[in-house]
>>> print(open('my_file_38.txt').read())   # compact mmCIF, C-alpha atoms
# COMPACT_ATOMS: atom_id res chain seq x y z
CA MET Z 99 179.35 293.63 166.06
CA ARG Z 100 182.64 295.27 165.10
CA PRO Z 101 185.93 293.66 166.16
CA THR Z 102 186.72 296.57 168.51
CA GLU Z 103 183.64 295.66 170.56
CA ALA Z 104 184.83 292.10 171.20
CA LYS Z 105 185.71 291.78 174.89
CA PHE Z 106 186.62 288.49 176.48
CA PRO Z 107 185.05 287.91 179.94
CA ALA Z 108 187.06 289.38 182.80
CA ASP Z 109 185.94 287.00 185.56
CA THR Z 110 187.52 283.56 186.04
CA ILE Z 111 184.40 281.49 185.38
CA GLY Z 112 183.62 283.54 182.29
CA ARG Z 113 187.08 282.88 180.92
CA LEU Z 114 186.77 279.14 181.55
CA VAL Z 115 183.37 279.07 179.86
CA GLY Z 116 184.72 281.09 176.94
CA VAL Z 117 187.74 278.84 176.40
CA LEU Z 118 185.68 275.62 176.59
CA PHE Z 119 182.87 276.98 174.46
CA LEU Z 120 185.09 278.40 171.74
CA ALA Z 121 187.47 275.42 171.70
CA LEU Z 122 184.59 272.99 171.23
CA ILE Z 123 183.69 274.38 167.80
CA PRO Z 124 186.96 273.60 165.98
CA LEU Z 125 187.66 270.44 168.02
CA VAL Z 126 184.35 268.75 167.22
CA THR Z 127 184.20 270.05 163.64
CA LEU Z 128 187.78 269.35 162.59
CA ILE Z 129 188.24 265.88 164.09
CA PRO Z 130 187.82 263.62 161.03
CA TYR Z 131 184.82 261.32 161.24
CA ASN Z 132 186.12 258.58 158.97
CA THR Z 133 189.04 257.58 161.20
CA PRO Z 134 189.77 254.77 163.67
CA GLU Z 135 187.13 254.39 166.37
CA THR Z 136 189.26 255.93 169.11
CA ARG Z 137 189.30 259.32 167.39
CA TRP Z 138 185.59 259.16 166.64
CA LEU Z 139 185.01 258.37 170.32
CA THR Z 140 187.18 261.36 171.23
CA GLN Z 141 184.92 263.62 169.18
CA ASP Z 142 181.82 262.20 170.84
CA LEU Z 143 183.20 262.50 174.37
CA LEU Z 144 184.39 266.05 173.71
CA LEU Z 145 180.86 267.13 172.91
CA ARG Z 146 179.36 265.46 175.98
CA TRP Z 147 181.91 266.44 178.60
CA THR Z 148 182.36 269.98 177.37
CA SER Z 149 178.59 270.51 177.35
CA ALA Z 150 178.37 269.21 180.92
CA ALA Z 151 181.33 271.33 182.06
CA VAL Z 152 179.95 274.54 180.53
CA PHE Z 153 176.53 273.87 182.08
CA LEU Z 154 178.01 273.27 185.55
CA LEU Z 155 180.19 276.40 185.31
CA CYS Z 156 177.17 278.51 184.34
CA LEU Z 157 175.10 276.95 187.13
CA GLY Z 158 177.90 277.53 189.63
CA GLN Z 159 178.19 281.17 188.58
CA THR Z 160 174.47 281.64 189.15
CA LEU Z 161 174.46 279.90 192.55
CA PHE Z 162 177.57 281.79 193.63
CA ASN Z 163 175.88 285.10 192.87
CA ARG Z 164 172.69 283.86 194.59
CA ARG Z 165 170.52 285.02 191.73
CA TYR Z 166 167.62 283.18 190.22
CA PRO Z 167 168.62 282.50 186.59
CA SER Z 168 166.06 284.36 184.52
CA SER Z 169 167.40 282.62 181.42
CA LEU Z 170 166.17 279.33 182.90
CA SER Z 171 162.63 280.50 183.55
CA LEU Z 172 160.24 277.95 182.15
CA GLU Z 173 159.36 279.71 178.95
CA PHE Z 174 157.55 277.80 176.20
CA PRO Z 175 160.66 276.50 174.34
CA ASN Z 176 162.28 275.44 177.63
CA LEU Z 177 159.16 273.53 178.64
CA LEU Z 178 159.10 271.81 175.26
CA PHE Z 179 162.75 270.80 175.66
CA LEU Z 180 162.06 269.31 179.09
CA PHE Z 181 158.96 267.45 177.88
CA LEU Z 182 160.90 266.12 174.89
CA THR Z 183 163.74 264.99 177.16
CA GLY Z 184 161.29 263.09 179.35
CA TRP Z 185 159.55 261.44 176.42
CA VAL Z 186 162.83 260.35 174.81
CA LEU Z 187 163.78 258.79 178.16
CA LEU Z 188 160.52 256.81 178.12
CA SER Z 189 161.44 255.67 174.61
CA VAL Z 190 164.84 254.54 175.89
CA ILE Z 191 163.24 252.54 178.70
CA ASN Z 192 160.89 250.82 176.25
CA SER Z 193 163.65 250.10 173.74
CA LYS Z 194 164.74 246.53 173.04
CA GLU Z 195 168.18 247.83 172.06
CA THR Z 196 168.92 249.50 175.40
CA PHE Z 197 172.67 249.84 174.90
CA ASP Z 198 172.28 251.77 171.64
CA SER Z 199 169.38 253.80 173.04
CA PHE Z 200 171.14 254.89 176.21
CA TYR Z 201 174.24 255.76 174.19
CA ALA Z 202 172.16 257.96 171.86
CA TYR Z 203 170.29 259.44 174.84
CA ARG Z 204 173.55 260.66 176.36
CA SER Z 205 174.26 262.61 173.18
CA PHE Z 206 170.74 264.04 173.31
CA LEU Z 207 171.27 265.10 176.94
CA ALA Z 208 174.45 266.91 175.88
CA LEU Z 209 172.36 268.96 173.43
CA VAL Z 210 169.82 269.76 176.16
CA LEU Z 211 172.56 270.95 178.52
CA TRP Z 212 174.06 272.96 175.67
CA TRP Z 213 170.69 274.61 175.01
CA PHE Z 214 170.33 275.83 178.60
CA SER Z 215 174.02 276.76 178.80
CA LEU Z 216 173.76 279.01 175.72
CA GLN Z 217 170.99 280.99 177.37
CA TRP Z 218 173.25 281.63 180.33
CA VAL Z 219 176.32 282.36 178.21
CA TRP Z 220 174.77 285.04 175.99
CA LYS Z 221 173.11 286.80 178.93
CA GLN Z 222 176.01 286.59 181.37
CA TRP Z 223 178.91 287.15 178.93
CA PRO Z 224 177.58 288.85 175.76
CA GLY Z 225 181.14 289.73 174.73
CA LEU Z 226 181.66 286.09 173.74
CA PHE Z 227 179.39 286.43 170.71
CA PRO Z 228 181.87 288.25 168.43
CA TRP Z 229 184.54 285.74 169.46
CA PHE Z 230 182.14 282.95 168.58
CA GLU Z 231 181.70 284.51 165.13
CA LYS Z 232 185.45 284.58 164.54
CA VAL Z 233 186.06 281.00 165.72
CA PHE Z 234 183.08 279.65 163.77
CA TYR Z 235 184.12 281.42 160.58
CA ALA Z 236 187.79 280.39 160.92
CA THR Z 237 186.75 276.78 161.54
CA ALA Z 238 184.58 276.85 158.42
CA LEU Z 239 187.48 278.14 156.34
CA VAL Z 240 189.78 275.36 157.55
CA ALA Z 241 187.08 272.77 156.83
CA ALA Z 242 186.49 274.30 153.39
CA GLY Z 243 190.20 274.24 152.59
CA TRP Z 244 190.53 270.56 153.50
CA LEU Z 245 187.39 269.66 151.51
CA ILE Z 246 188.71 271.41 148.39
CA LEU Z 247 192.15 269.85 148.83
CA THR Z 248 190.88 266.29 149.25
CA THR Z 249 188.36 266.55 146.42
CA ALA Z 250 190.96 268.04 144.06
CA GLY Z 251 193.47 265.40 145.15
CA HIS Z 252 191.06 262.63 144.16
CA PHE Z 253 190.33 264.31 140.84
CA ILE Z 254 194.03 264.67 140.00
CA GLY Z 255 194.82 261.18 141.28
CA ILE Z 256 197.31 261.95 144.06
CA PRO Z 257 197.83 258.57 145.85
CA TYR Z 258 197.53 259.93 149.41
CA PHE Z 259 194.13 261.48 148.79
CA VAL Z 260 192.89 258.54 146.72
CA ASN Z 261 193.83 255.93 149.34
CA VAL Z 262 193.29 257.79 152.63
CA THR Z 263 190.65 260.51 152.29
CA ILE Z 264 187.08 260.69 150.98
CA PRO Z 265 186.14 263.39 148.44
CA HIS Z 266 183.23 265.83 148.85
CA GLU Z 267 183.09 265.26 152.63
CA GLY Z 268 186.13 266.81 154.29
CA PHE Z 269 186.04 266.22 158.05
CA PHE Z 270 182.32 265.41 158.07
CA PRO Z 271 180.38 262.10 158.11
CA ASN Z 272 178.89 262.75 154.67
CA GLN Z 273 178.68 265.44 152.02
CA ASN Z 274 175.25 266.66 153.10
CA ILE Z 275 176.51 267.51 156.59
CA ALA Z 276 179.59 269.13 155.06
CA ALA Z 277 177.37 271.25 152.80
CA GLY Z 278 175.12 272.15 155.73
CA PHE Z 279 177.99 273.42 157.88
CA LEU Z 280 179.67 275.31 155.04
CA GLY Z 281 176.28 276.67 153.92
CA MET Z 282 175.72 278.14 157.39
CA ALA Z 283 179.14 279.78 157.29
CA LEU Z 284 178.43 281.11 153.79
CA LEU Z 285 175.10 282.62 154.88
CA TRP Z 286 176.78 284.02 157.98
CA GLY Z 287 179.50 285.71 155.93
CA VAL Z 288 177.10 287.10 153.32
CA HIS Z 289 174.86 288.46 156.07
CA GLN Z 290 177.80 290.21 157.72
CA GLU Z 291 179.03 291.71 154.47
CA LEU Z 292 175.56 292.98 153.51
CA ASN Z 293 175.19 294.73 156.85
CA ARG Z 294 178.30 296.87 156.33
CA GLU Z 295 178.50 300.04 154.33
CA LYS Z 296 181.63 299.00 152.43
CA VAL Z 297 182.42 295.54 151.11
CA SER Z 298 185.63 294.04 152.49
CA TRP Z 299 187.77 292.56 149.73
CA THR Z 300 189.19 290.08 152.21
CA GLY Z 301 185.68 289.09 153.25
CA LEU Z 302 184.63 288.74 149.60
CA CYS Z 303 187.57 286.42 148.84
CA PHE Z 304 186.72 284.30 151.88
CA LEU Z 305 183.10 284.07 150.75
CA LEU Z 306 184.12 282.94 147.26
CA PHE Z 307 186.41 280.33 148.84
CA LEU Z 308 183.53 279.05 150.99
CA LEU Z 309 181.24 279.06 147.96
CA LEU Z 310 183.66 276.90 145.98
CA ALA Z 311 183.96 274.42 148.84
CA TRP Z 312 180.18 274.35 149.34
CA GLY Z 313 179.63 273.63 145.65
CA SER Z 314 182.27 270.89 145.74
CA THR Z 315 180.10 268.85 148.11
CA GLU Z 316 177.59 268.24 145.27
CA SER Z 317 174.79 268.22 147.85
CA ARG Z 318 171.43 268.59 146.09
CA GLY Z 319 169.46 269.15 149.28
CA SER Z 320 171.81 271.94 150.31
CA LEU Z 321 171.35 273.64 146.94
CA ALA Z 322 167.55 273.51 147.25
CA SER Z 323 167.70 274.88 150.81
CA MET Z 324 170.04 277.71 149.83
CA VAL Z 325 167.84 278.75 146.91
CA LEU Z 326 164.85 278.88 149.26
CA VAL Z 327 166.75 281.03 151.78
CA VAL Z 328 168.03 283.44 149.12
CA VAL Z 329 164.56 283.89 147.62
CA LEU Z 330 163.08 284.47 151.08
CA TYR Z 331 165.78 287.00 151.95
CA LEU Z 332 165.23 288.93 148.73
CA ILE Z 333 161.47 289.03 149.33
CA LEU Z 334 161.86 290.30 152.89
CA HIS Z 335 164.45 292.93 151.90
CA MET Z 336 163.27 293.78 148.40
CA LYS Z 337 163.14 297.56 148.95
CA GLU Z 338 166.59 297.70 150.54
CA VAL Z 339 168.07 295.56 147.75
CA GLU Z 340 166.52 297.70 145.01
CA LYS Z 341 167.75 300.89 146.68
CA ARG Z 342 171.29 299.59 147.02
CA ILE Z 343 171.71 298.23 143.50
CA SER Z 344 170.23 301.42 142.00
CA GLN Z 345 173.26 303.28 143.41
CA TRP Z 346 175.89 300.90 142.02
CA THR Z 347 178.64 302.16 139.76
CA THR Z 348 179.82 300.41 136.58
CA GLY Z 349 182.69 298.84 138.49
CA GLN Z 350 180.35 297.40 141.10
CA TRP Z 351 178.15 295.89 138.38
CA LEU Z 352 181.22 294.27 136.81
CA ILE Z 353 182.24 292.80 140.17
CA PHE Z 354 178.69 291.55 140.66
CA GLY Z 355 178.74 289.93 137.22
CA GLY Z 356 182.03 288.20 138.02
CA CYS Z 357 180.61 286.90 141.31
CA VAL Z 358 177.53 285.56 139.49
CA LEU Z 359 179.74 283.71 137.00
CA PHE Z 360 181.77 282.25 139.87
CA LEU Z 361 178.51 281.24 141.59
CA VAL Z 362 177.29 279.47 138.44
CA ALA Z 363 180.60 277.64 138.09
CA SER Z 364 180.57 276.57 141.76
CA VAL Z 365 177.03 275.20 141.78
CA SER Z 366 177.41 273.53 138.37
CA MET Z 367 178.63 270.37 140.15
CA MET Z 368 175.44 270.29 142.22
CA VAL Z 369 173.25 270.92 139.18
CA ASN Z 370 175.05 268.20 137.24
CA ARG Z 371 174.34 265.73 140.05
CA ILE Z 372 170.65 266.66 139.94
CA LEU Z 373 170.39 266.27 136.17
CA ASN Z 374 172.33 263.00 136.13
CA ALA Z 375 171.07 261.57 139.40
CA GLU Z 376 170.24 258.12 138.03
CA SER Z 377 173.77 257.48 136.77
CA VAL Z 378 175.70 259.44 139.43
CA ASP Z 379 173.73 258.27 142.48
CA PRO Z 380 171.26 255.48 141.64
CA ARG Z 381 170.62 254.80 145.33
CA ALA Z 382 168.98 258.23 145.67
CA TYR Z 383 165.77 256.82 144.24
CA PHE Z 384 165.74 254.16 146.98
CA ARG Z 385 164.86 256.83 149.53
CA ILE Z 386 161.16 256.58 148.68
CA ASP Z 387 161.31 252.91 149.65
CA VAL Z 388 163.24 253.83 152.81
CA TRP Z 389 160.51 256.33 153.72
CA ILE Z 390 157.83 253.69 153.14
CA SER Z 391 159.74 251.38 155.48
CA SER Z 392 159.94 254.21 158.01
CA PHE Z 393 156.15 254.62 157.93
CA LYS Z 394 155.81 250.89 158.60
CA MET Z 395 158.17 251.22 161.57
CA ILE Z 396 156.12 254.13 162.92
CA GLY Z 397 152.92 252.10 162.54
CA ALA Z 398 154.45 249.21 164.48
CA GLN Z 399 155.52 251.36 167.46
CA PRO Z 400 153.60 254.68 167.24
CA LEU Z 401 153.79 255.68 170.90
CA PHE Z 402 157.41 255.26 172.07
CA GLY Z 403 159.10 254.11 168.88
CA PHE Z 404 161.92 251.56 168.89
CA GLY Z 405 164.27 253.75 170.92
CA PRO Z 406 166.79 256.47 169.95
CA GLY Z 407 169.77 255.26 167.94
CA THR Z 408 168.10 252.02 166.85
CA TYR Z 409 167.06 252.83 163.28
CA ALA Z 410 169.94 250.89 161.71
CA SER Z 411 169.15 247.79 163.80
CA ILE Z 412 165.38 247.81 163.20
CA TYR Z 413 165.33 248.83 159.53
CA PRO Z 414 166.24 245.34 158.15
CA TYR Z 415 162.96 243.96 159.50
CA TYR Z 416 160.93 246.49 157.50
CA ARG Z 417 162.94 247.05 154.34
CA PRO Z 418 161.58 245.85 150.98
CA ALA Z 419 162.51 242.32 149.91
CA ALA Z 420 164.38 243.73 146.89
CA PHE Z 421 166.83 245.48 149.25
CA TRP Z 422 167.46 242.45 151.45
CA ASN Z 423 171.20 243.11 151.67
CA THR Z 424 171.23 246.91 152.02
CA TYR Z 425 172.44 248.61 155.20
CA ASN Z 426 170.73 251.89 156.00
CA PRO Z 427 171.53 253.70 159.28
CA PHE Z 428 169.32 256.72 158.58
CA ALA Z 429 165.80 257.42 157.33
CA HIS Z 430 167.09 260.26 155.13
CA ASN Z 431 164.36 262.32 156.76
CA GLU Z 432 164.88 263.66 160.29
CA PHE Z 433 161.17 263.86 161.09
CA LEU Z 434 160.46 260.26 160.05
CA GLN Z 435 163.48 259.07 162.00
CA VAL Z 436 162.33 260.90 165.15
CA ALA Z 437 158.89 259.25 164.86
CA ALA Z 438 160.35 255.80 164.15
CA GLU Z 439 162.84 255.94 167.03
CA CYS Z 440 160.91 257.91 169.68
CA GLY Z 441 157.25 257.83 168.63
CA LEU Z 442 154.70 260.25 167.23
CA PRO Z 443 154.44 262.32 170.48
CA ALA Z 444 158.18 263.05 170.19
CA LEU Z 445 157.69 264.15 166.58
CA PHE Z 446 154.85 266.45 167.67
CA LEU Z 447 157.09 268.06 170.34
CA VAL Z 448 159.91 268.51 167.81
CA LEU Z 449 157.58 270.21 165.31
CA LEU Z 450 156.15 272.41 168.07
CA LEU Z 451 159.67 273.37 169.16
CA LEU Z 452 160.67 274.15 165.58
CA TRP Z 453 157.55 276.30 165.19
CA ALA Z 454 158.41 278.22 168.38
CA PHE Z 455 161.96 278.90 167.13
CA ILE Z 456 160.88 280.07 163.70
CA ARG Z 457 158.13 282.24 165.17
CA GLU Z 458 160.52 284.04 167.53
CA PHE Z 459 163.21 284.45 164.89
CA SER Z 460 160.79 285.59 162.18
CA LEU Z 461 159.24 288.25 164.42
CA ALA Z 462 162.69 289.71 165.07
CA ALA Z 463 163.74 289.35 161.42
CA TRP Z 464 160.71 291.16 160.01
CA LYS Z 465 161.24 294.07 162.40
CA THR Z 466 164.90 294.43 161.42
CA PRO Z 467 165.73 296.99 158.70
CA GLY Z 468 168.13 295.63 156.11
CA PHE Z 469 171.72 296.86 155.62
CA ARG Z 470 171.58 299.36 158.52
CA ASN Z 471 173.81 297.71 161.13
CA PRO Z 472 171.03 296.78 163.59
CA ASN Z 473 171.82 295.93 167.20
CA ILE Z 474 173.52 292.61 167.89
CA SER Z 475 170.36 291.00 169.29
CA SER Z 476 168.25 291.73 166.21
CA GLN Z 477 171.07 290.87 163.83
CA SER Z 478 171.75 287.48 165.43
CA ALA Z 479 168.00 286.72 165.59
CA GLU Z 480 167.58 287.42 161.89
CA LEU Z 481 170.61 285.32 161.05
CA ALA Z 482 169.32 282.43 163.17
CA PHE Z 483 166.02 282.65 161.30
CA TYR Z 484 167.71 282.11 157.94
CA LEU Z 485 170.01 279.38 159.27
CA SER Z 486 167.06 277.47 160.72
>>> encode(input="my_file_38.txt", output="structure tokens")
Amino acid sequence: MRPTEAKFPADTIGRLVGVLFLALIPLVTLIPYNTPETRWLTQDLLLRWTSAAVFLLCLGQTLFNRRYPSSLSLEFPNLLFLFLTGWVLLSVINSKETFDSFYAYRSFLALVLWWFSLQWVWKQWPGLFPWFEKVFYATALVAAGWLILTTAGHFIGIPYFVNVTIPHEGFFPNQNIAAGFLGMALLWGVHQELNREKVSWTGLCFLLFLLLAWGSTESRGSLASMVLVVVLYLILHMKEVEKRISQWTTGQWLIFGGCVLFLVASVSMMVNRILNAESVDPRAYFRIDVWISSFKMIGAQPLFGFGPGTYASIYPYYRPAAFWNTYNPFAHNEFLQVAAECGLPALFLVLLLLWAFIREFSLAAWKTPGFRNPNISSQSAELAFYLS
């Protein structure tokens, strides 16, 4: 959608929803995670209360207009979300660590409310989508700038960055989450540039800046995921890509070559971490043992699990004897952690929900012609497919 088409909602409730929704993205993303507990709690509460407020505003708008919300009709993904919510609640009730489980469940409920709110928002106020793009992209650029600055500061040895900040992470809990967020912004920007007839030099510079920050995270999983997405995109749009590059001038080929060299330089840090994993990150090989422990946890409580948010507390009872003093809050595998915390039925619902998302997105993506400025619905569906 072009900037001239961006229209903020005219009604009062729409404006409130727009302000809360758009403000949440930079507030939650840019509040540093590795800070005193009060600021971390602020980030957590922002997500919960803003999700609840947006949901209630959308619900109030629907009730005020006395219309049945078609976006809340019990379609297959909505039913799955409700079933999953109920099963996670059963897991909370059966948990021996009820405080941690109820705390985690509140965060899960915020995501559920956010899911239903988004359906209302895009249908009721479609003009918010281009504003969302701008805020999301601007937030990613700020996060990328801070990540590059802190990582470079550590490399140079500036005391402030050495003593106060953590390299390769920026505002995020770890470098994998940082790479995931920046990778989404990078894919978003590339997708937007490819769907325009002329390449924006400003947009290209921003993309190279994001690429440098993404590579600085040294996230191996992010590199593997990005390679998979790029290969898939090229396969789905092979004819369009071949047609476009066949019309390139010498200058365009030179620019492309320069971008490829910059890409190689940016990802070299990730590749180096892969090739020297044993010396750079020896704990990476412990993940196989962590996964084995996760399977043991699943076998001990296959139906309801140990309760959401309890992995760190339960893991010591199932870890190998050689790692008797290691602390591990995550399974390093989302699917294993879901099964260990909430049981195998919860894992089945999650996989079914993921299948439903990918199926809907892929159907829209395969019907969308490449590089031809498709309508906003098809374009966002295709983008969501690659991001998922």
>>> closest_residue(input="my_file_38.txt", among="Z:Leu177, Z:Leu309, Z:Ala410, Z:Leu144", to="Phe360 (chain Z)", atoms="only C-alpha atoms")
Z:Leu309
>>> closest_residue(input="my_file_38.txt", among="Z:Leu178, Z:Ser199, Z:Trp223, Z:Met368", to="Gln273 (chain Z)", atoms="only C-alpha atoms")
Z:Met368
>>> closest_residue(input="my_file_38.txt", among="Z:Ile412, Z:Ala121, Z:Ile264, Z:Val369", to="His252 (chain Z)", atoms="all atoms listed in the file")
Z:Ile264
>>> residues_around(input="my_file_38.txt", residues="Ala238 (chain Z)", least_positions_apart="2", cutoff="8 Å", atoms="all atoms listed in the file", output="number ranges by chain")
Z: 234-236, 240-242, 279-280, 283, 308
>>> closest_residue(input="my_file_38.txt", among="Z:Tyr416, Z:Phe197, Z:Phe119, Z:Trp185", to="Trp229 (chain Z)", atoms="only C-alpha atoms")
Z:Phe119
>>> residues_around(input="my_file_38.txt", residues="Asp109 (chain Z)", least_positions_apart="5", cutoff="12 Å", atoms="all atoms listed in the file", output="MDAnalysis selection string")
chainID Z and resid 114:116 159 222:223
>>> atom_distance(input="my_file_38.txt", atom1="CA of Leu450 (chain Z)", atom2="CA of Phe174 (chain Z)")
9.9 Å
>>> residues_near_point(input="my_file_38.txt", point="(172.1, 267.0, 178.2)", cutoff="12 Å", atoms="only C-alpha atoms", output="PyMOL selection string")
chain Z and resi 145-154+179-180+182-184+186-187+202-215
>>> atom_distance(input="my_file_38.txt", atom1="CA of Gly112 (chain Z)", atom2="CA of Pro224 (chain Z)")
10.4 Å
>>> residues_around(input="my_file_38.txt", residues="region 389-392 of chain Z", least_positions_apart="5", cutoff="8 Å", atoms="all atoms listed in the file", output="PDB file with C-alpha atoms, keeping the file's coordinate frame")
ATOM      1  CA  TYR Z 413     165.330 248.830 159.530  1.00  0.00           C
ATOM      2  CA  TYR Z 416     160.930 246.490 157.500  1.00  0.00           C
ATOM      3  CA  ARG Z 417     162.940 247.050 154.340  1.00  0.00           C
ATOM      4  CA  PRO Z 418     161.580 245.850 150.980  1.00  0.00           C
ATOM      5  CA  ALA Z 429     165.800 257.420 157.330  1.00  0.00           C
ATOM      6  CA  HIS Z 430     167.090 260.260 155.130  1.00  0.00           C
ATOM      7  CA  ASN Z 431     164.360 262.320 156.760  1.00  0.00           C
ATOM      8  CA  LEU Z 434     160.460 260.260 160.050  1.00  0.00           C
ATOM      9  CA  GLN Z 435     163.480 259.070 162.000  1.00  0.00           C
ATOM     10  CA  ALA Z 438     160.350 255.800 164.150  1.00  0.00           C
TER      11      ALA Z 438
END
>>> closest_residue(input="my_file_38.txt", among="Z:Leu226, Z:Leu122, Z:Ile343, Z:Ile254", to="Ala108 (chain Z)", atoms="only C-alpha atoms")
Z:Leu226
>>> decode(input="my_file_38.txt", residues="region 187-206 of chain Z", atoms="N, CA and C atoms", output="PDB file, in the first residue's frame")
ATOM      1  N   LEU Z 187      -5.271 -24.096  30.301  1.00  0.00           N
ATOM      2  CA  LEU Z 187      -5.838 -23.834  31.629  1.00  0.00           C
ATOM      3  C   LEU Z 187      -5.881 -25.114  32.462  1.00  0.00           C
ATOM      4  N   LEU Z 188      -6.244 -26.237  31.844  1.00  0.00           N
ATOM      5  CA  LEU Z 188      -6.218 -27.515  32.553  1.00  0.00           C
ATOM      6  C   LEU Z 188      -4.798 -27.850  33.008  1.00  0.00           C
ATOM      7  N   SER Z 189      -3.817 -27.517  32.174  1.00  0.00           N
ATOM      8  CA  SER Z 189      -2.421 -27.744  32.544  1.00  0.00           C
ATOM      9  C   SER Z 189      -2.031 -26.880  33.737  1.00  0.00           C
ATOM     10  N   VAL Z 190      -2.530 -25.650  33.763  1.00  0.00           N
ATOM     11  CA  VAL Z 190      -2.248 -24.755  34.894  1.00  0.00           C
ATOM     12  C   VAL Z 190      -2.831 -25.334  36.181  1.00  0.00           C
ATOM     13  N   ILE Z 191      -4.062 -25.821  36.094  1.00  0.00           N
ATOM     14  CA  ILE Z 191      -4.728 -26.362  37.291  1.00  0.00           C
ATOM     15  C   ILE Z 191      -3.987 -27.581  37.833  1.00  0.00           C
ATOM     16  N   ASN Z 192      -3.422 -28.382  36.934  1.00  0.00           N
ATOM     17  CA  ASN Z 192      -2.711 -29.586  37.345  1.00  0.00           C
ATOM     18  C   ASN Z 192      -1.243 -29.335  37.678  1.00  0.00           C
ATOM     19  N   SER Z 193      -0.797 -28.103  37.555  1.00  0.00           N
ATOM     20  CA  SER Z 193       0.606 -27.789  37.789  1.00  0.00           C
ATOM     21  C   SER Z 193       0.922 -27.758  39.283  1.00  0.00           C
ATOM     22  N   LYS Z 194       2.114 -28.226  39.633  1.00  0.00           N
ATOM     23  CA  LYS Z 194       2.581 -28.145  41.015  1.00  0.00           C
ATOM     24  C   LYS Z 194       3.250 -26.803  41.303  1.00  0.00           C
ATOM     25  N   GLU Z 195       3.552 -26.068  40.232  1.00  0.00           N
ATOM     26  CA  GLU Z 195       4.135 -24.727  40.368  1.00  0.00           C
ATOM     27  C   GLU Z 195       3.081 -23.720  39.923  1.00  0.00           C
ATOM     28  N   THR Z 196       2.008 -23.590  40.713  1.00  0.00           N
ATOM     29  CA  THR Z 196       0.844 -22.830  40.275  1.00  0.00           C
ATOM     30  C   THR Z 196       1.143 -21.351  40.083  1.00  0.00           C
ATOM     31  N   PHE Z 197       2.024 -20.782  40.895  1.00  0.00           N
ATOM     32  CA  PHE Z 197       2.329 -19.358  40.744  1.00  0.00           C
ATOM     33  C   PHE Z 197       2.955 -19.091  39.378  1.00  0.00           C
ATOM     34  N   ASP Z 198       3.983 -19.872  39.034  1.00  0.00           N
ATOM     35  CA  ASP Z 198       4.636 -19.702  37.734  1.00  0.00           C
ATOM     36  C   ASP Z 198       3.671 -19.996  36.594  1.00  0.00           C
ATOM     37  N   SER Z 199       2.826 -21.002  36.752  1.00  0.00           N
ATOM     38  CA  SER Z 199       1.916 -21.401  35.681  1.00  0.00           C
ATOM     39  C   SER Z 199       0.841 -20.347  35.436  1.00  0.00           C
ATOM     40  N   PHE Z 200       0.258 -19.816  36.500  1.00  0.00           N
ATOM     41  CA  PHE Z 200      -0.752 -18.784  36.308  1.00  0.00           C
ATOM     42  C   PHE Z 200      -0.147 -17.510  35.743  1.00  0.00           C
ATOM     43  N   TYR Z 201       1.097 -17.216  36.133  1.00  0.00           N
ATOM     44  CA  TYR Z 201       1.777 -16.039  35.586  1.00  0.00           C
ATOM     45  C   TYR Z 201       1.983 -16.209  34.083  1.00  0.00           C
ATOM     46  N   ALA Z 202       2.455 -17.391  33.665  1.00  0.00           N
ATOM     47  CA  ALA Z 202       2.647 -17.656  32.239  1.00  0.00           C
ATOM     48  C   ALA Z 202       1.316 -17.686  31.507  1.00  0.00           C
ATOM     49  N   TYR Z 203       0.276 -18.186  32.162  1.00  0.00           N
ATOM     50  CA  TYR Z 203      -1.041 -18.282  31.509  1.00  0.00           C
ATOM     51  C   TYR Z 203      -1.603 -16.895  31.209  1.00  0.00           C
ATOM     52  N   ARG Z 204      -1.325 -15.931  32.069  1.00  0.00           N
ATOM     53  CA  ARG Z 204      -1.800 -14.566  31.805  1.00  0.00           C
ATOM     54  C   ARG Z 204      -1.157 -14.004  30.531  1.00  0.00           C
ATOM     55  N   SER Z 205       0.109 -14.311  30.325  1.00  0.00           N
ATOM     56  CA  SER Z 205       0.759 -13.876  29.086  1.00  0.00           C
ATOM     57  C   SER Z 205       0.150 -14.586  27.881  1.00  0.00           C
ATOM     58  N   PHE Z 206      -0.179 -15.850  28.035  1.00  0.00           N
ATOM     59  CA  PHE Z 206      -0.816 -16.593  26.953  1.00  0.00           C
ATOM     60  C   PHE Z 206      -2.193 -16.004  26.635  1.00  0.00           C
TER      61      PHE Z 206
END
